[in-house]
file coords.txt (compact mmCIF, C-alpha atoms and all ligand atoms)
# COMPACT_ATOMS: atom_id res chain seq x y z
CA MET A 1 20.48 1.09 7.71
CA GLU A 2 19.14 4.39 9.03
CA LYS A 3 15.43 4.72 8.50
CA SER A 4 14.54 8.04 6.90
CA VAL A 5 11.37 9.34 8.46
CA ALA A 6 9.68 11.56 5.91
CA VAL A 7 8.12 14.76 7.14
CA PRO A 8 5.63 16.89 5.20
CA ASP A 9 7.45 18.91 2.53
CA SER A 10 6.05 22.46 2.51
CA ARG A 11 6.55 22.67 -1.28
CA LEU A 12 4.43 19.57 -1.78
CA VAL A 13 1.68 19.82 0.83
CA GLY A 14 -1.72 20.39 -0.78
CA ARG A 15 -0.35 19.72 -4.28
CA LEU A 16 -1.15 16.07 -4.90
CA GLN A 17 -4.83 16.54 -5.80
CA ARG A 18 -5.23 13.00 -7.02
CA ALA A 19 -5.04 9.34 -6.06
CA VAL A 20 -1.73 7.53 -6.28
CA ILE A 21 -1.89 3.73 -6.43
CA PHE A 22 0.95 1.43 -5.46
CA LEU A 23 0.75 -1.85 -7.32
CA GLY A 24 3.00 -4.85 -6.84
CA PRO A 25 3.28 -8.20 -5.06
CA PRO A 26 3.35 -8.50 -1.27
CA GLY A 27 6.84 -7.73 0.01
CA ALA A 28 7.83 -5.42 -2.85
CA GLY A 29 8.05 -2.43 -0.48
CA LYS A 30 4.79 -0.69 -1.40
CA GLY A 31 3.79 0.00 2.21
CA THR A 32 7.03 1.78 3.11
CA GLN A 33 6.96 3.91 -0.03
CA ALA A 34 3.25 4.69 0.15
CA GLN A 35 3.64 5.82 3.75
CA GLU A 36 6.60 8.02 2.88
CA LEU A 37 4.96 9.62 -0.16
CA ALA A 38 1.78 10.32 1.79
CA ARG A 39 3.79 12.02 4.56
CA LYS A 40 5.69 14.20 2.09
CA TYR A 41 2.50 15.41 0.43
CA GLY A 42 0.61 15.62 3.72
CA VAL A 43 -2.18 13.32 2.52
CA PRO A 44 -3.61 10.12 4.03
CA HIS A 45 -1.98 6.75 3.40
CA LEU A 46 -4.91 4.42 2.75
CA SER A 47 -3.92 0.83 3.23
CA THR A 48 -6.93 -1.47 2.87
CA GLY A 49 -4.93 -4.18 4.68
CA ASP A 50 -4.41 -1.83 7.67
CA MET A 51 -8.10 -0.85 7.63
CA LEU A 52 -9.10 -4.52 7.72
CA ARG A 53 -6.64 -5.24 10.54
CA GLU A 54 -8.11 -2.29 12.50
CA ASN A 55 -11.60 -3.78 12.08
CA ILE A 56 -10.30 -7.17 13.23
CA ALA A 57 -8.74 -5.54 16.31
CA LEU A 58 -12.07 -3.84 17.05
CA GLY A 59 -13.81 -7.21 16.76
CA ASN A 60 -16.67 -5.80 14.66
CA ALA A 61 -18.73 -7.64 12.01
CA LEU A 62 -16.53 -6.48 9.13
CA GLY A 63 -13.43 -7.69 10.98
CA GLU A 64 -15.07 -11.05 11.73
CA GLN A 65 -15.84 -11.57 8.04
CA ALA A 66 -12.36 -10.57 6.87
CA LYS A 67 -10.33 -12.41 9.51
CA PRO A 68 -10.48 -16.03 8.25
CA LEU A 69 -9.91 -14.95 4.63
CA MET A 70 -6.88 -12.89 5.54
CA ALA A 71 -5.52 -15.67 7.74
CA ARG A 72 -5.60 -17.94 4.67
CA GLY A 73 -4.01 -15.30 2.41
CA GLU A 74 -7.18 -14.96 0.29
CA LEU A 75 -8.75 -11.74 -0.94
CA VAL A 76 -11.62 -10.18 0.98
CA PRO A 77 -14.78 -9.74 -1.19
CA ASP A 78 -15.18 -6.52 -3.15
CA SER A 79 -18.51 -5.80 -1.41
CA ILE A 80 -16.63 -5.28 1.89
CA ILE A 81 -13.61 -3.48 0.45
CA LEU A 82 -15.52 -1.02 -1.72
CA LYS A 83 -17.83 0.08 1.09
CA MET A 84 -14.84 0.58 3.38
CA VAL A 85 -12.91 2.64 0.78
CA ALA A 86 -15.93 4.75 -0.22
CA LYS A 87 -16.54 5.67 3.42
CA ARG A 88 -12.89 6.53 4.02
CA ILE A 89 -12.41 8.85 1.07
CA GLU A 90 -15.50 10.85 2.04
CA ARG A 91 -13.52 12.17 5.03
CA PRO A 92 -12.24 15.76 4.67
CA ASP A 93 -8.57 14.78 5.00
CA CYS A 94 -8.85 13.17 1.55
CA SER A 95 -9.75 16.38 -0.24
CA PHE A 96 -6.14 17.07 -1.39
CA GLY A 97 -5.61 13.55 -2.66
CA PHE A 98 -4.55 10.24 -1.10
CA VAL A 99 -2.19 7.34 -1.51
CA PHE A 100 -3.60 3.83 -1.86
CA ASP A 101 -1.62 0.83 -0.76
CA GLY A 102 -3.07 -2.62 -1.42
CA PHE A 103 -6.04 -1.19 -3.31
CA PRO A 104 -7.30 -1.75 -5.98
CA ARG A 105 -6.43 -5.43 -6.09
CA THR A 106 -8.74 -6.61 -8.86
CA VAL A 107 -9.79 -5.13 -12.20
CA ALA A 108 -13.35 -4.81 -10.82
CA GLN A 109 -12.05 -2.71 -7.90
CA ALA A 110 -10.06 -0.55 -10.33
CA GLN A 111 -13.09 0.08 -12.54
CA TRP A 112 -15.17 0.99 -9.51
CA LEU A 113 -12.43 3.36 -8.28
CA GLY A 114 -12.22 5.08 -11.68
CA GLU A 115 -15.96 5.78 -11.49
CA LEU A 116 -15.77 6.98 -7.88
CA LEU A 117 -12.94 9.42 -8.72
CA ARG A 118 -14.96 10.77 -11.64
CA GLN A 119 -17.94 11.31 -9.33
CA HIS A 120 -15.71 13.23 -6.88
CA GLY A 121 -14.28 15.34 -9.72
CA LEU A 122 -10.78 13.97 -9.03
CA LYS A 123 -8.14 13.29 -11.69
CA GLN A 124 -7.50 9.69 -12.68
CA PRO A 125 -4.80 7.96 -10.61
CA VAL A 126 -1.08 7.63 -11.17
CA VAL A 127 -0.16 3.97 -10.78
CA VAL A 128 3.30 3.12 -9.47
CA HIS A 129 4.08 -0.48 -10.42
CA PHE A 130 6.70 -2.30 -8.31
CA VAL A 131 8.59 -4.83 -10.40
CA ILE A 132 10.69 -7.36 -8.46
CA ASP A 133 12.29 -10.78 -8.74
CA PRO A 134 10.03 -13.28 -6.88
CA ALA A 135 13.10 -14.82 -5.16
CA LEU A 136 13.66 -11.58 -3.21
CA LEU A 137 10.11 -11.44 -1.96
CA MET A 138 10.24 -14.20 0.66
CA ARG A 139 13.10 -12.51 2.55
CA ARG A 140 11.31 -9.19 2.36
CA ILE A 141 8.02 -10.61 3.64
CA THR A 142 9.23 -12.92 6.38
CA GLY A 143 11.64 -10.22 7.67
CA ARG A 144 8.94 -7.55 7.80
CA ARG A 145 7.89 -6.10 11.17
CA MET A 146 5.22 -3.49 11.73
CA CYS A 147 4.81 -0.97 14.53
CA LYS A 148 1.72 -1.85 16.55
CA THR A 149 0.93 1.80 17.25
CA GLY A 150 1.93 3.88 14.21
CA GLY A 151 2.09 1.20 11.49
CA ASP A 152 5.69 2.05 10.48
CA ILE A 153 7.35 -0.75 8.58
CA TYR A 154 10.82 -2.26 9.15
CA ASN A 155 12.73 -5.29 7.93
CA ILE A 156 14.91 -7.23 10.37
CA TYR A 157 17.41 -8.01 7.57
CA ASP A 158 17.47 -4.93 5.36
CA ARG A 159 15.96 -2.09 7.36
CA PRO A 160 16.18 -2.85 11.07
CA PRO A 161 15.07 -0.47 13.80
CA LYS A 162 17.78 1.09 16.01
CA VAL A 163 16.62 -1.04 18.96
CA PRO A 164 15.36 -4.54 18.05
CA GLY A 165 11.59 -4.85 18.42
CA ILE A 166 11.01 -1.12 19.01
CA CYS A 167 9.78 1.50 16.53
CA ASP A 168 12.24 4.39 15.94
CA THR A 169 9.41 6.85 15.37
CA ASP A 170 7.11 6.31 18.34
CA GLY A 171 8.66 3.59 20.49
CA GLY A 172 5.79 1.18 19.67
CA GLU A 173 6.24 -2.59 19.74
CA LEU A 174 7.23 -4.16 16.40
CA VAL A 175 5.28 -7.28 15.48
CA GLN A 176 5.14 -9.74 12.61
CA ARG A 177 1.82 -9.88 10.78
CA PRO A 178 0.34 -13.39 11.07
CA ASP A 179 0.02 -13.58 7.28
CA ASP A 180 3.73 -12.78 6.83
CA ARG A 181 4.59 -16.27 8.10
CA GLU A 182 6.20 -18.40 5.42
CA GLU A 183 3.28 -20.83 5.03
CA ILE A 184 0.78 -18.05 4.32
CA VAL A 185 3.02 -16.21 1.90
CA ALA A 186 2.61 -18.74 -0.95
CA PRO A 187 -1.21 -18.36 -1.19
CA ARG A 188 -0.83 -14.57 -0.99
CA LEU A 189 1.61 -14.61 -3.91
CA GLU A 190 -0.79 -16.88 -5.81
CA ALA A 191 -3.71 -14.52 -5.16
CA TYR A 192 -1.53 -11.70 -6.45
CA ALA A 193 -0.60 -13.53 -9.66
CA LYS A 194 -4.19 -14.50 -10.36
CA MET A 195 -6.18 -11.44 -9.31
CA THR A 196 -3.86 -8.45 -9.06
CA ALA A 197 -1.19 -8.91 -11.75
CA PRO A 198 -3.84 -8.41 -14.52
CA LEU A 199 -4.34 -4.92 -13.09
CA ALA A 200 -0.93 -3.87 -14.38
CA ALA A 201 -2.08 -4.68 -17.93
CA TYR A 202 -5.34 -2.80 -17.30
CA TYR A 203 -3.61 0.40 -16.17
CA ARG A 204 -0.90 0.08 -18.83
CA ARG A 205 -3.59 0.11 -21.50
CA LEU A 206 -5.00 3.27 -19.93
CA GLY A 207 -1.50 4.83 -20.07
CA ARG A 208 -1.42 5.29 -16.30
CA LEU A 209 1.22 2.74 -15.32
CA GLU A 210 4.81 3.65 -14.36
CA ASP A 211 7.28 0.84 -13.60
CA VAL A 212 9.73 0.99 -10.70
CA ASP A 213 12.60 -1.43 -10.12
CA ALA A 214 11.71 -2.46 -6.56
CA ALA A 215 14.97 -4.37 -6.00
CA GLN A 216 16.77 -1.03 -5.52
CA SER A 217 17.36 0.53 -2.08
CA VAL A 218 14.48 2.22 -0.26
CA GLU A 219 16.11 5.62 -0.96
CA GLN A 220 16.49 4.94 -4.70
CA VAL A 221 12.91 3.68 -5.02
CA SER A 222 11.68 6.66 -3.08
CA LYS A 223 13.48 9.06 -5.44
CA ARG A 224 11.98 7.33 -8.48
CA VAL A 225 8.48 7.39 -6.95
CA LEU A 226 8.73 11.12 -6.29
CA GLU A 227 9.91 11.70 -9.88
CA ILE A 228 6.91 9.78 -11.26
CA VAL A 229 4.41 11.56 -9.07
CA SER A 230 5.81 15.06 -9.62
CA LYS A 231 5.97 14.52 -13.38
CA ALA A 232 2.26 13.72 -13.30
CA GLN A 233 1.36 16.98 -11.47
P1 LIG L 301 -1.97 -6.19 2.70
O1 LIG L 301 -1.75 -5.56 4.03
O2 LIG L 301 -2.23 -5.17 1.61
O3 LIG L 301 -0.93 -7.18 2.31
O4 LIG L 301 -3.35 -7.01 2.82
C1 LIG L 301 -3.48 -8.09 3.73
C2 LIG L 301 -4.69 -8.92 3.36
O5 LIG L 301 -5.86 -8.11 3.43
C3 LIG L 301 -4.69 -9.47 1.94
O6 LIG L 301 -3.95 -10.68 1.85
C4 LIG L 301 -6.17 -9.64 1.71
O7 LIG L 301 -6.65 -10.79 2.39
C5 LIG L 301 -6.79 -8.44 2.39
N1 LIG L 301 -6.91 -7.26 1.50
C6 LIG L 301 -6.27 -6.06 1.61
N2 LIG L 301 -6.63 -5.21 0.65
C7 LIG L 301 -7.53 -5.88 -0.13
C8 LIG L 301 -8.25 -5.54 -1.31
N3 LIG L 301 -8.11 -4.35 -1.89
N4 LIG L 301 -9.08 -6.49 -1.82
C9 LIG L 301 -9.23 -7.70 -1.24
N5 LIG L 301 -8.57 -8.08 -0.14
C10 LIG L 301 -7.73 -7.19 0.43

call {"tool": "encode", "arguments": {"input": "coords.txt", "output": "C-alpha cells"}}
result
Amino acid sequence: MEKSVAVPDSRLVGRLQRAVIFLGPPGAGKGTQAQELARKYGVPHLSTGDMLRENIALGNALGEQAKPLMARGELVPDSIILKMVAKRIERPDCSFGFVFDGFPRTVAQAQWLGELLRQHGLKQPVVVHFVIDPALLMRRITGRRMCKTGGDIYNIYDRPPKVPGICDTDGGELVQRPDDREEIVAPRLEAYAKMTAPLAAYYRRLGRLEDVDAAQSVEQVSKRVLEIVSKAQ
C-alpha cells in the first residue's frame, strides 16, 4: 500500500489551537495518525515514547531511569513524564496547539494535563479513542517498523515501505523497537488495560471522548480523525 505523506494544509495551519490526544492500546495505529494530523495542522507531534527513546539514545539520567522500565513494557513514573511534557510544551512551536501520542496514560497524568492547559489558557483537549479487536494488535505491533531518523511508521504486513528496510520519506533505516518484540507486547497490553483504559471512561464523563474504529484502513481512520478534530474547532 502506498504511504500517504501528509503535508501541511494551508487551510488548517495555525487553526488547531488546542491539544489533541490519541488514546488506545499499543498497535492501534495512534502514532501514524497523530503524526499525520500534526503535519496537516503544522503543529508538533508529541510522542512521550519517542521523547523517552531520544533520552535513552543520549544516554542521560532520564534515559537511564526509563530504559529498564520500557524494556519490561512497564510505565515510566509520572514524575519523569510530567516534567518532560511540561518542558516540551513551553517551546514556542506549541503555541498553535499540539498532538499528543502516548500521553496521558494514567488518570493522574490526565488531571495534571487539564490543569496545565488551563494555566496556559488553552482549550481542553479533544480525545480520539482508538477502538480495536485485541486479536489484530499483535500483527500490528510485531510488524511495526520505525524510521531511525524521522520516526515515520510502517508495517511490514499492512503498510510496507517501497524498498524493504528503508524509509520512503527520508531514506532512513527502518528498525523494530525492542519493546515491539512478541514477549514484551503482553506486559504492554496489560499495562494498557490496567492504567490507560480507565482514561477512556474519565474523558467520556467529561464529554471529550470520540471513538474511532481503528480496524479500518489508515486512510479511513485518517478521514474520521480529521472530521472529529474539525468538528471540535
Ligand atoms: P509508546 O512509544 O507510546 O508505545 O511508549 C513506549 C514506552 O514508553 C511505554 O511502554 C512506557 O514504558 C513508556 N511511556 C511512554 N509514554 C508514557 C507515559 N505517558 N507514561 C508512562 N510511561 C510512558

call {"tool": "residues_near_ligand", "arguments": {"input": "coords.txt", "ligand": "ligand LIG 301 (chain L)", "cutoff": "6 Å", "atoms": "only C-alpha atoms and all ligand atoms", "output": "PyMOL selection string"}}
result
chain A and resi 26+48-50+69-70+73-77+81+102-105+188

call {"tool": "axis_aligned_box", "arguments": {"input": "coords.txt", "around": "segment 165-171 of chain A", "padding_each_side": "4 Å", "output": "lines of an AutoDock Vina configuration file"}}
result
center_x = 9.7
center_y = 1.0
center_z = 17.9
size_x = 13.1
size_y = 19.7
size_z = 13.1

call {"tool": "closest_residue", "arguments": {"input": "coords.txt", "among": "A:Glu64, A:Arg159, A:Gln109, A:Ser47", "to": "Ser217 of chain A", "atoms": "all atoms listed in the file"}}
result
A:Arg159

call {"tool": "closest_residue", "arguments": {"input": "coords.txt", "among": "A:Phe96, A:Gln216, A:Leu58, A:Ala34", "to": "Val13 of chain A", "atoms": "only C-alpha atoms"}}
result
A:Phe96

call {"tool": "residues_around", "arguments": {"input": "coords.txt", "residues": "segment 197-208 of chain A", "least_positions_apart": "5", "cutoff": "7 Å", "atoms": "only C-alpha atoms", "output": "list in words"}}
result
Thr106, Val107, Val126, Val127 and Tyr192 of chain A

call {"tool": "residues_around", "arguments": {"input": "coords.txt", "residues": "Leu16 of chain A", "least_positions_apart": "2", "cutoff": "8 Å", "atoms": "all atoms listed in the file", "output": "list in words"}}
result
Leu12, Val13, Gly14, Arg18, Ala19, Tyr41, Val43, Phe96, Gly97, Phe98 and Gln233 of chain A

call {"tool": "closest_residue", "arguments": {"input": "coords.txt", "among": "A:Pro25, A:Pro68, A:Pro125, A:Gly171", "to": "Lys194 of chain A", "atoms": "only C-alpha atoms"}}
result
A:Pro25

call {"tool": "atom_distance", "arguments": {"input": "coords.txt", "atom1": "atom CA of Asn60 of chain A", "atom2": "atom CA of Lys83 of chain A"}}
result
14.8 Å
